[in-house]
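K.L.:
What follows is a structure written as structure tokens; I'll ask about it next.
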Amino acid sequence: ITQIVLASRPKGNPSKENFRFEKVELPALQDGQVLLEPQFFSVDPYMRGRMNDAKSYTPPFQVDAPLEGGVVAKVVESKSEALQPGDVVLGALPWATQSIAEAKKLQKIDTSLAPASYYLGILGMPGLTAYFGLLDISQPKEGETVVVSGAAGAVGMVVGQIAKLKGCRVVGLAGSDEKAELLKKEFGYDEVINYKTTQDLRSDLKAACPNGVDVYFDNVGGEITDAVISLINFHARLAICGQIAHYNDEKPQQGPRFLPLVLTRSALIKGFIVSNYHARFPEAMQQLSTWVKEGKLHYQETIVEGFEQLPEAFLGLFTGQNQGKMLVKV
Ligand code: NDP
């Protein structure tokens, strides 16, 4: 089989040189194990953190060991009662053309409900992140204004739609006019600002949010977040979901600014990791899949073909190559 290992730890922006392809042989299948053939690999911004040798909520990748992440795979051989060849499963699996896993660590997925890839997106980690960050932390109310950064990504796309279901005005920030159009036409966003071409982000935001900002779902951080905070209303709620603008920083940056406003507007800022909500995943899955079935939530994926494209697809997250969930199909 072929696997992709971490060749070296990036300093600043990651590059293809940080990855290496290797040929290895798999050991024989043991009792309780299954042999898997991946169908979809998820590439996610949090993997950048795992490339550093730093303590975090997930352990760092090891140099010379395969990277791993969310994978939808088909069982091709089974030494477990729990899974049969042909079953489709979700698991944390290595970046490899085939792999062996303990059946009990895999989750069988129902592909009659939604396409298998959705379990890496709207019905998986990104969808759950959107659900809890918005509904549990920010608690948007009808008529309020919700601002979402990273709006055209795997998480952001879901956040905006749920906020619309709750009767809010939804304003997004995204990195191209094409993404802005897509979010407005297909995903119900009221306004979307292209943060890369705007002349004055704060004044564009102010125009898009005439009643101020009640909820901010932050996927990005940096100057975008500074601008949004400058417009918050009394009792605003800010869910800090991601800070992708900082993941490649070599030195910590200054900020956030405008904290005096957080004080005088009695605002809430709360960071969260989706796994904090593990016990409530069934409730969220039930609601998300109902909305998908009813046609109330739509989803988009950017599917890159070919195992060898995995590093490139991952790197593409940092230059905004994706609309919706970025996946690699094998
Ligand atoms: P996305 O699908 O949103 O992909 C990343 C997007 O971020 C890109 O498409 C790009 O879009 C944008 N981006 C990249 N660099 C920058 C930058 N410097 N400034 C502004 N935007 C940038 O990823 P996900 O939806 O999977 O994740 C979104 C965020 O949520 C990430 O920060 C991630 O780490 C976080 N996250 C947090 C979780 C949690 O438990 N707290 C769980 C899952 C994700 P554009 O063209 O708009 O620039």
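Identifiers for the structure tokens are assigned positionally: chains receive A, B, ... in sequence, residues are indexed from 1 per chain, and ligands are indexed from 1 in the order shown.
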Could I get the residues of chain A with an atom no further than 8 Å from an atom of ligand 1, each paired with its nearest atom pair and that distance in Å to one decimal, using only C-alpha atoms and all ligand atoms, sorted by chain and residue number, as a tab-separated table?
P.N.:
```
residue	atom	partner	partner_atom_place_in_ligand_line	distance
A:Val43	CA	ligand 1	26 (O)	7.8
A:Asp44	CA	ligand 1	26 (O)	5.0
A:Pro45	CA	ligand 1	34 (O)	4.6
A:Tyr46	CA	ligand 1	34 (O)	4.6
A:Met125	CA	ligand 1	43 (C)	6.3
A:Pro126	CA	ligand 1	43 (C)	5.1
A:Thr129	CA	ligand 1	42 (C)	5.3
A:Gly133	CA	ligand 1	41 (N)	7.9
A:Ser149	CA	ligand 1	21 (N)	7.3
A:Gly150	CA	ligand 1	47 (O)	4.9
A:Ala151	CA	ligand 1	47 (O)	6.5
A:Ala152	CA	ligand 1	47 (O)	6.0
A:Gly153	CA	ligand 1	3 (O)	3.2
A:Ala154	CA	ligand 1	25 (O)	3.5
A:Val155	CA	ligand 1	25 (O)	3.7
A:Gly156	CA	ligand 1	25 (O)	5.8
A:Met157	CA	ligand 1	25 (O)	7.8
A:Leu173	CA	ligand 1	47 (O)	6.6
A:Ala174	CA	ligand 1	47 (O)	3.5
A:Gly175	CA	ligand 1	46 (O)	3.5
A:Ser176	CA	ligand 1	46 (O)	5.8
A:Lys179	CA	ligand 1	46 (O)	7.3
A:Asn194	CA	ligand 1	47 (O)	7.8
A:Tyr195	CA	ligand 1	47 (O)	7.8
A:Lys196	CA	ligand 1	48 (O)	7.9
A:Asp218	CA	ligand 1	29 (C)	7.7
A:Asn219	CA	ligand 1	29 (C)	4.2
A:Val220	CA	ligand 1	20 (C)	5.2
A:Gly221	CA	ligand 1	19 (N)	7.4
A:Gly222	CA	ligand 1	19 (N)	7.4
A:Ile224	CA	ligand 1	20 (C)	7.5
A:Ile240	CA	ligand 1	41 (N)	7.2
A:Cys241	CA	ligand 1	41 (N)	4.1
A:Gly242	CA	ligand 1	32 (O)	3.2
A:Gln243	CA	ligand 1	32 (O)	4.6
A:Ile244	CA	ligand 1	32 (O)	4.2
A:Ala245	CA	ligand 1	18 (N)	3.5
A:His246	CA	ligand 1	18 (N)	6.9
A:Gly271	CA	ligand 1	41 (N)	7.2
A:Phe272	CA	ligand 1	41 (N)	5.1
A:Ile273	CA	ligand 1	40 (O)	3.4
A:Val274	CA	ligand 1	40 (O)	3.7
A:Ser275	CA	ligand 1	40 (O)	6.5
A:Gly316	CA	ligand 1	9 (O)	7.5
A:Leu317	CA	ligand 1	5 (C)	4.6
A:Phe318	CA	ligand 1	14 (C)	4.0
A:Thr319	CA	ligand 1	14 (C)	5.4
A:Gly320	CA	ligand 1	9 (O)	3.5
A:Gln321	CA	ligand 1	9 (O)	5.8
A:Asn322	CA	ligand 1	9 (O)	4.9
A:Gln323	CA	ligand 1	9 (O)	6.4
A:Gly324	CA	ligand 1	2 (O)	5.4
A:Lys325	CA	ligand 1	2 (O)	5.1
A:Met326	CA	ligand 1	2 (O)	6.1
```
K.L.:
Per DSSP on the backbone, filter range 77-237 of chain A down to the residues in strand (DSSP E or B) and report them as a ChimeraX atom specification.
P.N.:
/A:77-78,88-94,96,99-102,107-108,145-148,153,169-174,191-194,213-218,232-237
K.L.:
Please dump the current selection as a compact mmCIF listing (two decimals), in the first residue's frame; keep N, CA and C atoms.
P.N.:
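Final file, selection02.txt:
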```txt
# COMPACT_ATOMS: atom_id res chain seq x y z
N GLU A 77 -12.60 -6.72 4.03
CA GLU A 77 -12.39 -8.01 4.68
C GLU A 77 -12.66 -7.81 6.17
N SER A 78 -13.28 -8.79 6.82
CA SER A 78 -13.63 -8.57 8.22
C SER A 78 -13.32 -9.79 9.08
N VAL A 88 -20.11 0.43 4.97
CA VAL A 88 -19.39 1.71 4.85
C VAL A 88 -19.28 2.30 6.25
N VAL A 89 -18.07 2.71 6.60
CA VAL A 89 -17.80 3.17 7.97
C VAL A 89 -17.10 4.52 7.98
N LEU A 90 -17.18 5.15 9.15
CA LEU A 90 -16.48 6.42 9.39
C LEU A 90 -15.46 6.15 10.48
N GLY A 91 -14.26 6.67 10.32
CA GLY A 91 -13.26 6.48 11.37
C GLY A 91 -12.13 7.48 11.26
N ALA A 92 -11.30 7.51 12.31
CA ALA A 92 -10.05 8.28 12.26
C ALA A 92 -9.00 7.32 11.73
N LEU A 93 -8.59 7.52 10.48
CA LEU A 93 -7.75 6.53 9.80
C LEU A 93 -6.54 7.21 9.16
N PRO A 94 -5.49 6.40 8.94
CA PRO A 94 -4.28 6.97 8.33
C PRO A 94 -4.49 7.37 6.87
N ALA A 96 -3.69 6.48 3.87
CA ALA A 96 -3.11 5.30 3.24
C ALA A 96 -4.13 4.72 2.28
N SER A 99 -6.16 0.35 4.91
CA SER A 99 -5.71 0.33 6.30
C SER A 99 -6.46 -0.73 7.08
N ILE A 100 -5.89 -1.07 8.23
CA ILE A 100 -6.50 -2.04 9.14
C ILE A 100 -6.94 -1.29 10.38
N ALA A 101 -8.14 -1.58 10.86
CA ALA A 101 -8.63 -0.89 12.07
C ALA A 101 -9.42 -1.85 12.93
N GLU A 102 -9.51 -1.53 14.22
CA GLU A 102 -10.37 -2.26 15.15
C GLU A 102 -11.82 -1.92 14.80
N GLN A 107 -17.49 3.64 13.05
CA GLN A 107 -18.92 3.88 13.13
C GLN A 107 -19.53 3.53 11.77
N LYS A 108 -20.46 2.56 11.78
CA LYS A 108 -21.12 2.20 10.53
C LYS A 108 -22.07 3.33 10.13
N THR A 145 -29.06 39.90 14.12
CA THR A 145 -28.07 39.84 13.04
C THR A 145 -26.93 38.91 13.45
N VAL A 146 -26.68 37.94 12.57
CA VAL A 146 -25.62 36.95 12.80
C VAL A 146 -24.55 37.15 11.74
N VAL A 147 -23.31 37.32 12.17
CA VAL A 147 -22.19 37.44 11.22
C VAL A 147 -21.34 36.17 11.31
N VAL A 148 -20.96 35.65 10.14
CA VAL A 148 -20.17 34.41 10.08
C VAL A 148 -18.91 34.67 9.26
N GLY A 153 -17.15 27.98 3.93
CA GLY A 153 -16.48 26.71 4.23
C GLY A 153 -17.42 25.66 4.78
N ARG A 169 -31.07 37.78 10.41
CA ARG A 169 -30.38 38.38 9.27
C ARG A 169 -28.96 37.81 9.30
N VAL A 170 -28.49 37.28 8.15
CA VAL A 170 -27.20 36.59 8.16
C VAL A 170 -26.24 37.26 7.18
N VAL A 171 -25.09 37.62 7.72
CA VAL A 171 -24.06 38.30 6.93
C VAL A 171 -22.78 37.46 6.99
N GLY A 172 -22.22 37.19 5.82
CA GLY A 172 -21.03 36.34 5.76
C GLY A 172 -19.81 37.10 5.28
N LEU A 173 -18.65 36.52 5.57
CA LEU A 173 -17.38 37.01 5.04
C LEU A 173 -16.73 35.85 4.31
N ALA A 174 -16.32 36.08 3.07
CA ALA A 174 -15.69 35.01 2.29
C ALA A 174 -14.66 35.62 1.35
N GLU A 191 -26.31 39.06 3.07
CA GLU A 191 -25.20 39.83 2.50
C GLU A 191 -23.91 39.05 2.71
N VAL A 192 -23.01 39.14 1.74
CA VAL A 192 -21.69 38.52 1.92
C VAL A 192 -20.64 39.52 1.44
N ILE A 193 -19.64 39.72 2.26
CA ILE A 193 -18.56 40.66 1.92
C ILE A 193 -17.32 39.85 1.53
N ASN A 194 -16.75 40.23 0.38
CA ASN A 194 -15.47 39.63 -0.03
C ASN A 194 -14.37 40.37 0.73
N VAL A 213 -24.37 44.00 15.36
CA VAL A 213 -24.10 42.55 15.34
C VAL A 213 -24.51 41.94 16.69
N ASP A 214 -25.42 40.99 16.64
CA ASP A 214 -25.85 40.32 17.87
C ASP A 214 -25.07 39.04 18.11
N VAL A 215 -24.74 38.35 17.00
CA VAL A 215 -24.04 37.07 17.11
C VAL A 215 -22.89 37.07 16.11
N TYR A 216 -21.74 36.61 16.57
CA TYR A 216 -20.60 36.45 15.65
C TYR A 216 -20.08 35.02 15.78
N PHE A 217 -20.09 34.30 14.66
CA PHE A 217 -19.54 32.94 14.64
C PHE A 217 -18.20 33.05 13.92
N ASP A 218 -17.11 32.92 14.68
CA ASP A 218 -15.79 33.22 14.13
C ASP A 218 -15.01 31.96 13.76
N ILE A 232 -20.43 45.26 17.68
CA ILE A 232 -21.33 44.40 18.47
C ILE A 232 -22.35 45.21 19.28
N ASN A 233 -23.50 44.59 19.45
CA ASN A 233 -24.59 45.16 20.24
C ASN A 233 -24.50 44.74 21.70
N PHE A 234 -25.34 45.35 22.51
CA PHE A 234 -25.48 44.96 23.92
C PHE A 234 -25.85 43.47 23.99
N HIS A 235 -25.18 42.74 24.85
CA HIS A 235 -25.41 41.30 25.05
C HIS A 235 -25.12 40.45 23.80
N ALA A 236 -24.17 40.90 22.97
CA ALA A 236 -23.77 40.10 21.81
C ALA A 236 -23.09 38.81 22.30
N ARG A 237 -23.21 37.76 21.47
CA ARG A 237 -22.56 36.48 21.79
C ARG A 237 -21.60 36.11 20.67
```
K.L.:
Per DSSP on the backbone, what are the helix (DSSP H, G or I) residues of range 27-263 of chain A, as a PyMOL selection string?
P.N.:
chain A and resi 46-50+103-105+116-120+125-138+156-165+177-186+201-208+222-229+244-246+259-263
K.L.:
Give the answer as one residue: which of A:Lys23, A:Ser203, A:Leu120, A:Thr198 has the shortest atom-to-atom distance to Gly70 in chain A, using only C-alpha atoms?
P.N.:
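Among the listed residues, A:Leu120 lies closest to Gly70 in chain A.
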K.L.:
Find the distance between CA of Lys16 in chain A and CA of Arg48 in chain A and write it in Å to one decimal.
P.N.:
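Computing the Euclidean distance for CA of Lys16 in chain A and CA of Arg48 in chain A yields 13.0 Å.
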K.L.:
Rounded to one decimal place, report the CA of Trp95 in chain A-CA of Gln30 in chain A distance in Å.
P.N.:
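Computing it gives 20.7 Å between the two atoms.
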K.L.:
Give me the residues near Gln309 in chain A as a PDB file with N, CA and C atoms, in the first residue's frame, where near means some atom within 12 Å (using only C-alpha atoms) and where sequence neighbours in that chain fewer than 6 positions away do not count.
P.N.:
```pdb
ATOM      1  N   ILE A   4       0.966   8.315   3.317  1.00  0.00           N
ATOM      2  CA  ILE A   4       1.566   9.651   3.308  1.00  0.00           C
ATOM      3  C   ILE A   4       1.978   9.977   4.734  1.00  0.00           C
ATOM      4  N   LYS A  16       4.265  21.246   0.214  1.00  0.00           N
ATOM      5  CA  LYS A  16       4.301  19.838  -0.185  1.00  0.00           C
ATOM      6  C   LYS A  16       5.529  19.105   0.377  1.00  0.00           C
ATOM      7  N   PHE A  19       5.389  16.649   3.317  1.00  0.00           N
ATOM      8  CA  PHE A  19       4.728  15.340   3.173  1.00  0.00           C
ATOM      9  C   PHE A  19       5.634  14.396   2.374  1.00  0.00           C
ATOM     10  N   PHE A  21       5.478  10.360   0.376  1.00  0.00           N
ATOM     11  CA  PHE A  21       4.756   9.129   0.035  1.00  0.00           C
ATOM     12  C   PHE A  21       5.682   7.946   0.264  1.00  0.00           C
ATOM     13  N   PHE A  40     -13.502   8.408   0.865  1.00  0.00           N
ATOM     14  CA  PHE A  40     -13.344   9.862   0.991  1.00  0.00           C
ATOM     15  C   PHE A  40     -12.439  10.176   2.179  1.00  0.00           C
ATOM     16  N   PHE A  41     -11.446  11.011   1.935  1.00  0.00           N
ATOM     17  CA  PHE A  41     -10.612  11.546   3.016  1.00  0.00           C
ATOM     18  C   PHE A  41     -11.057  12.978   3.286  1.00  0.00           C
ATOM     19  N   SER A  42     -11.158  13.323   4.568  1.00  0.00           N
ATOM     20  CA  SER A  42     -11.429  14.709   4.943  1.00  0.00           C
ATOM     21  C   SER A  42     -10.107  15.419   5.180  1.00  0.00           C
ATOM     22  N   VAL A  43      -9.960  16.623   4.636  1.00  0.00           N
ATOM     23  CA  VAL A  43      -8.839  17.473   5.055  1.00  0.00           C
ATOM     24  C   VAL A  43      -9.432  18.639   5.835  1.00  0.00           C
ATOM     25  N   TRP A  95      -3.649   8.279   6.404  1.00  0.00           N
ATOM     26  CA  TRP A  95      -3.643   8.637   4.989  1.00  0.00           C
ATOM     27  C   TRP A  95      -2.924   7.512   4.255  1.00  0.00           C
ATOM     28  N   ILE A 303     -14.727  18.320  -4.233  1.00  0.00           N
ATOM     29  CA  ILE A 303     -14.157  16.968  -4.200  1.00  0.00           C
ATOM     30  C   ILE A 303     -12.977  16.886  -5.156  1.00  0.00           C
ATOM     31  N   LEU A 315      -3.457  21.764   1.677  1.00  0.00           N
ATOM     32  CA  LEU A 315      -2.836  23.092   1.542  1.00  0.00           C
ATOM     33  C   LEU A 315      -3.838  24.091   0.974  1.00  0.00           C
ATOM     34  N   GLY A 316      -4.737  23.616   0.133  1.00  0.00           N
ATOM     35  CA  GLY A 316      -5.737  24.479  -0.499  1.00  0.00           C
ATOM     36  C   GLY A 316      -6.693  25.132   0.490  1.00  0.00           C
ATOM     37  N   MET A 326     -14.099  20.419   1.923  1.00  0.00           N
ATOM     38  CA  MET A 326     -13.001  19.936   1.067  1.00  0.00           C
ATOM     39  C   MET A 326     -12.765  18.445   1.345  1.00  0.00           C
ATOM     40  N   LEU A 327     -12.861  17.641   0.277  1.00  0.00           N
ATOM     41  CA  LEU A 327     -12.707  16.188   0.407  1.00  0.00           C
ATOM     42  C   LEU A 327     -11.798  15.660  -0.692  1.00  0.00           C
ATOM     43  N   VAL A 328     -11.172  14.539  -0.421  1.00  0.00           N
ATOM     44  CA  VAL A 328     -10.420  13.841  -1.466  1.00  0.00           C
ATOM     45  C   VAL A 328     -11.080  12.486  -1.691  1.00  0.00           C
ATOM     46  N   LYS A 329     -11.443  12.250  -2.944  1.00  0.00           N
ATOM     47  CA  LYS A 329     -12.128  11.001  -3.305  1.00  0.00           C
ATOM     48  C   LYS A 329     -11.113  10.033  -3.908  1.00  0.00           C
ATOM     49  N   VAL A 330     -11.213   8.795  -3.513  1.00  0.00           N
ATOM     50  CA  VAL A 330     -10.283   7.801  -4.050  1.00  0.00           C
ATOM     51  C   VAL A 330     -11.025   6.917  -5.041  1.00  0.00           C
TER      52      VAL A 330
END
```
K.L.:
What does the distance between CA of Ala73 in chain A and CA of Glu37 in chain A come to in Å, to one decimal place?
P.N.:
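CA of Glu37 in chain A lies 5.3 Å from CA of Ala73 in chain A.
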K.L.:
Residues within 8 Å of Phe258 in chain A, please, as a ChimeraX atom specification. Count only C-alpha atoms; anything in the same chain fewer than 5 positions from it doesn't count.
P.N.:
/A:226,229-230
K.L.:
For the residues in that selection, give me N, CA and C atoms as a short mmCIF file (atom, residue, chain, number, x, y, z; two decimals), in the first residue's frame.
P.N.:
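So selection.cif came out as:
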```cif
data_model
loop_
_atom_site.label_atom_id
_atom_site.label_comp_id
_atom_site.auth_asym_id
_atom_site.auth_seq_id
_atom_site.Cartn_x
_atom_site.Cartn_y
_atom_site.Cartn_z
N ASP A 226 -11.53 41.71 14.41
CA ASP A 226 -11.45 43.08 14.96
C ASP A 226 -12.59 43.93 14.43
N ILE A 229 -16.05 42.85 15.89
CA ILE A 229 -16.22 43.21 17.32
C ILE A 229 -16.53 44.69 17.46
N SER A 230 -16.00 45.50 16.56
CA SER A 230 -16.23 46.94 16.68
C SER A 230 -17.71 47.30 16.48
#
```
K.L.:
My list of candidates is A:Ile137, A:Val228, A:Val63, A:Leu35. Which is closest to Val5 in chain A when distances are computed with only C-alpha atoms?
P.N.:
A:Val63
K.L.:
List the spatial neighbours of range 296-300 of chain A as a ChimeraX atom specification - criterion: any atom at most 8 Å away, only C-alpha atoms, same-chain residues fewer than 2 positions off excluded.
P.N.:
/A:122,157-158,161-162,165,187,288,291-294,302,323-325
K.L.:
Need to verify the contact set: Ser289 in chain A, 12 Å, only C-alpha atoms, exclusion of same-chain residues closer than 5 positions in sequence. Can you return it as a compact mmCIF listing (two decimals) with C-alpha atoms, in the first residue's frame?
P.N.:
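Output file part_5.txt follows:
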```txt
# COMPACT_ATOMS: atom_id res chain seq x y z
CA ASP A 110 -26.34 4.82 6.85
CA THR A 111 -25.85 5.71 3.18
CA SER A 112 -29.59 5.49 2.47
CA LEU A 113 -30.10 8.68 4.50
CA ALA A 114 -27.43 10.82 2.81
CA PRO A 115 -24.38 10.38 0.57
CA TYR A 118 -21.90 13.93 4.11
CA TYR A 119 -20.69 12.13 7.25
CA GLY A 121 -19.34 17.35 6.40
CA ILE A 122 -22.82 18.45 7.25
CA LEU A 123 -23.64 15.20 9.11
CA GLY A 124 -20.16 14.96 10.60
CA GLY A 127 -22.03 20.12 10.87
CA LEU A 128 -21.91 19.33 14.59
CA TYR A 131 -24.88 23.28 15.35
CA PHE A 281 -24.05 14.34 19.29
CA PRO A 282 -27.13 12.09 18.82
CA GLU A 283 -29.52 15.02 19.37
CA ALA A 284 -27.63 17.17 16.87
CA GLU A 294 -36.69 18.08 4.62
CA GLY A 295 -34.56 20.07 2.19
CA LYS A 296 -34.07 22.86 4.74
CA LEU A 297 -30.29 22.46 4.82
CA HIS A 298 -28.26 22.25 1.62
CA TYR A 299 -24.64 21.39 1.27
```
K.L.:
Excluding same-chain residues fewer than 2 positions from Gly12 in chain A, what lies within 9 Å of it counting only C-alpha atoms, as JSON, numbers by chain?
P.N.:
{"A": [10, 14, 247, 248, 249, 250]}
